[in-house]
Structures are given as C-alpha cells and as structure tokens.
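A.B. asks: Pasting a structure here, questions to come.
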Amino acid sequence: MIGWALLRHGSVIGGVCFRGSTDDALTAEGWQQMWDSVQGQPRWDRIVSSPLQRCASFARELAKRSAIPYTLDARLREIHFGAWEGRTTANVHAATPDALQRFWTDPTTFTPPEAESLLAFQTRVLACWQRLQQSHEGQRLLIVTHGGVIRVLLCHLLEHPLARLQEFPVAHGALLRLPIANPPGAHDAPIL
C-alpha cells in the first residue's frame with residue numbers, strides 16, 4: 001500500500017459563505033492550520049493541488065520548502081455555487097428559504113441557480129481521481145483541495161450516498177490519510 005493524503009485548505013479571507021469558484025486567499029490562521037496539519041508527516045513524492053489560491057499558494061510553498069514537484073489540476077476545484085457564490089447561508093435563507101432547504105435535503109436533485117450540479121461535480125472529481133491513480137501509482141501523493149472535493153471522494157471510497165456527503169465533517173486544514181492499494185481502484189477506508 002502507498003499512502004496518499006487529502007489536505008483541505010485553511011480558513012479563508014471573507015469568512016464562511018458559499019465559496020466555490022470565488023478565489024479568495026487564506027488568512028494567517030488558514031496558513032497556520034495547513035502547516036500544523038503537514039508537520040511531522042512522511043515525505044510526499046508529489047503535490048497535486050486545486051488551482052484556486054487558497055490551495056495553490058500553500059501547495060507551491062510546501063513544494064518549494066520540501067523540494068518536491070507540484071502540479072495544479074483544475075478538476076480539483078470546489079463546486080461552483082452559481083448565484084449563491086460569496087453569499088452566506090443566512091443571506092440565501094432570507095432570500096430563498098425553500099431553495100436552501102431543498103439544497104440541504106437533496107443536493108443531487110436540486111442545484112442552485114447557475115451552479116454546477118453535484119452530479120457533474122462528482123463526475124469531474126472522480127475523473128481526476130482515476131487519472132491520478134493511473135499516473136501516480138506507487139508514489140506518495142498529497143492532494144491539496146476543498147471540502148466538497150474531499151467529501152465526494154469519501155462518498156466514493158466508502159460507498160456512501162452522495163446526497164449525504166455533508167455527513168463527513170472536514171474542518172479547515174484537515175489532513176486525511178488514504179491507504180491506496182495497488183492496483184489502483186481498490187477501495188480502502190480512509191484514516192480520518
């Protein structure tokens with residue numbers, strides 16, 4: 001088994017809101033959350049990151065300090081929330097309480113206006129996951145990404161219903177180690 005890890009970005013400038021494709025930077029606390037998570041971890045062979053700056057800036061700095069290669073993969077971006085981008089849940093609830101409730105209840109059948117559907121997001125993330133397994137077999141890989149991406153991968157790996165992806169708590173700066181069996185494609189439970 002080759003150990004891979006998923007690292008969620010830390011806290012972001014602008015606070016908690018529907019932040020999918022909005023490209024906000026990390027706070028000082030966010031940087032510290034990520035450094036704390038990777039401290040003392042075994043050396044990775046490569047880092048692959050979402051291109052959004054809340055992931056990419058940390059991935060670039062970690063790669064530089066560790067003298068290991070890193071690449072950006074757009075398929076690791078967070079889901080795009082469309083008209084809800086940058087808005088808080090309180091703001092969305094005040095404007096459209098029924099829509100927000102439908103989204104929380106079954107995100108696989110309700111998509112916010114102008115947003116990426118959860119099923120399209122899942123397809124994008126799993127295509128990336130399969131490609132990474134094929135191209136980095138035998139390597140120790142750190143994937144720096146977003147809460148939604150990590151939850152989709154956990155649903156896939158644990159055969160958990162996609163509509164219930166919010167059941168997985170993934171804090172800012174959380175590091176999840178994933179044992180990946182060879183050959184690629186085997187389903188092992190993550191170490192949370």
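Order determines the names: the first chain of the structure tokens is A, the second B, and so forth; residues in each chain are numbered 1 upward, and ligands are numbered 1 upward as they are shown.
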If we count only C-alpha atoms, what is near range 14-22 of chain A at a cut-off of 9 Å, once residues fewer than 3 positions away on the same chain are taken out, given as a PyMOL selection string?
C.D. replies: chain A and resi 11+25+27+52+77-82+84-89+146+148
A.B. asks: How would the residues just picked look written out with C-alpha atoms as a short mmCIF file (atom, residue, chain, number, x, y, z; two decimals), in the first residue's frame?
C.D. replies:
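Output file part05.cif is given in full below:
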data_model
loop_
_atom_site.label_atom_id
_atom_site.label_comp_id
_atom_site.auth_asym_id
_atom_site.auth_seq_id
_atom_site.Cartn_x
_atom_site.Cartn_y
_atom_site.Cartn_z
CA SER A 11 -9.63 29.42 6.77
CA ALA A 25 -6.82 33.96 -0.21
CA THR A 27 -5.99 34.06 6.33
CA LEU A 52 -7.59 28.24 -6.57
CA ARG A 77 -11.57 22.98 -7.86
CA GLU A 78 -14.51 23.31 -5.48
CA ILE A 79 -18.07 23.05 -6.84
CA HIS A 80 -19.33 26.29 -8.40
CA PHE A 81 -22.32 27.65 -6.45
CA GLY A 82 -23.59 29.91 -9.22
CA TRP A 84 -25.02 31.73 -4.37
CA GLU A 85 -21.27 32.37 -4.77
CA GLY A 86 -19.96 34.61 -2.00
CA ARG A 87 -23.27 34.65 -0.11
CA THR A 88 -23.76 33.37 3.45
CA THR A 89 -26.32 30.70 4.28
CA HIS A 146 -11.53 21.70 -0.96
CA GLY A 148 -16.55 19.39 -1.35
#
A.B. asks: Just want the 8 Å neighbourhood of Ala83 in chain A, counted on only C-alpha atoms, with same-chain residues fewer than 6 positions away dropped. Output as a list in words.
C.D. replies: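 Using only C-alpha atoms, the neighbours found are Pro112, Pro113, Glu114 and Ala115 of chain A.
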A.B. asks: Between CA of Arg131 in chain A and CA of Gln39 in chain A, what distance in Å does the model show, to one decimal?
C.D. replies: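 Separating CA of Arg131 in chain A from CA of Gln39 in chain A is a distance of 27.7 Å.
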A.B. asks: Please provide the set of residues having any atom within 7 Å of Asp24 in chain A, restricted to only C-alpha atoms, with same-chain residues fewer than 4 positions apart removed, written as a list in words.
C.D. replies: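 Returned residues: Val12, Ile13, Gln53 and Arg54 of chain A.
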A.B. asks: Nearest to Asp98 in chain A: which of A:Phe110, A:Ile143, A:Cys55, A:Glu167 is it, counting only C-alpha atoms?
C.D. replies: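 Selected residue with least distance to Asp98 in chain A: A:Phe110.
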A.B. asks: So that I can see what lies close to Ala67 in chain A, please list as a PyMOL selection string the residues with an atom at most 10 Å from it, counting only C-alpha atoms and leaving out residues fewer than 4 positions away in the same chain.
C.D. replies: chain A and resi 45-46+61-63
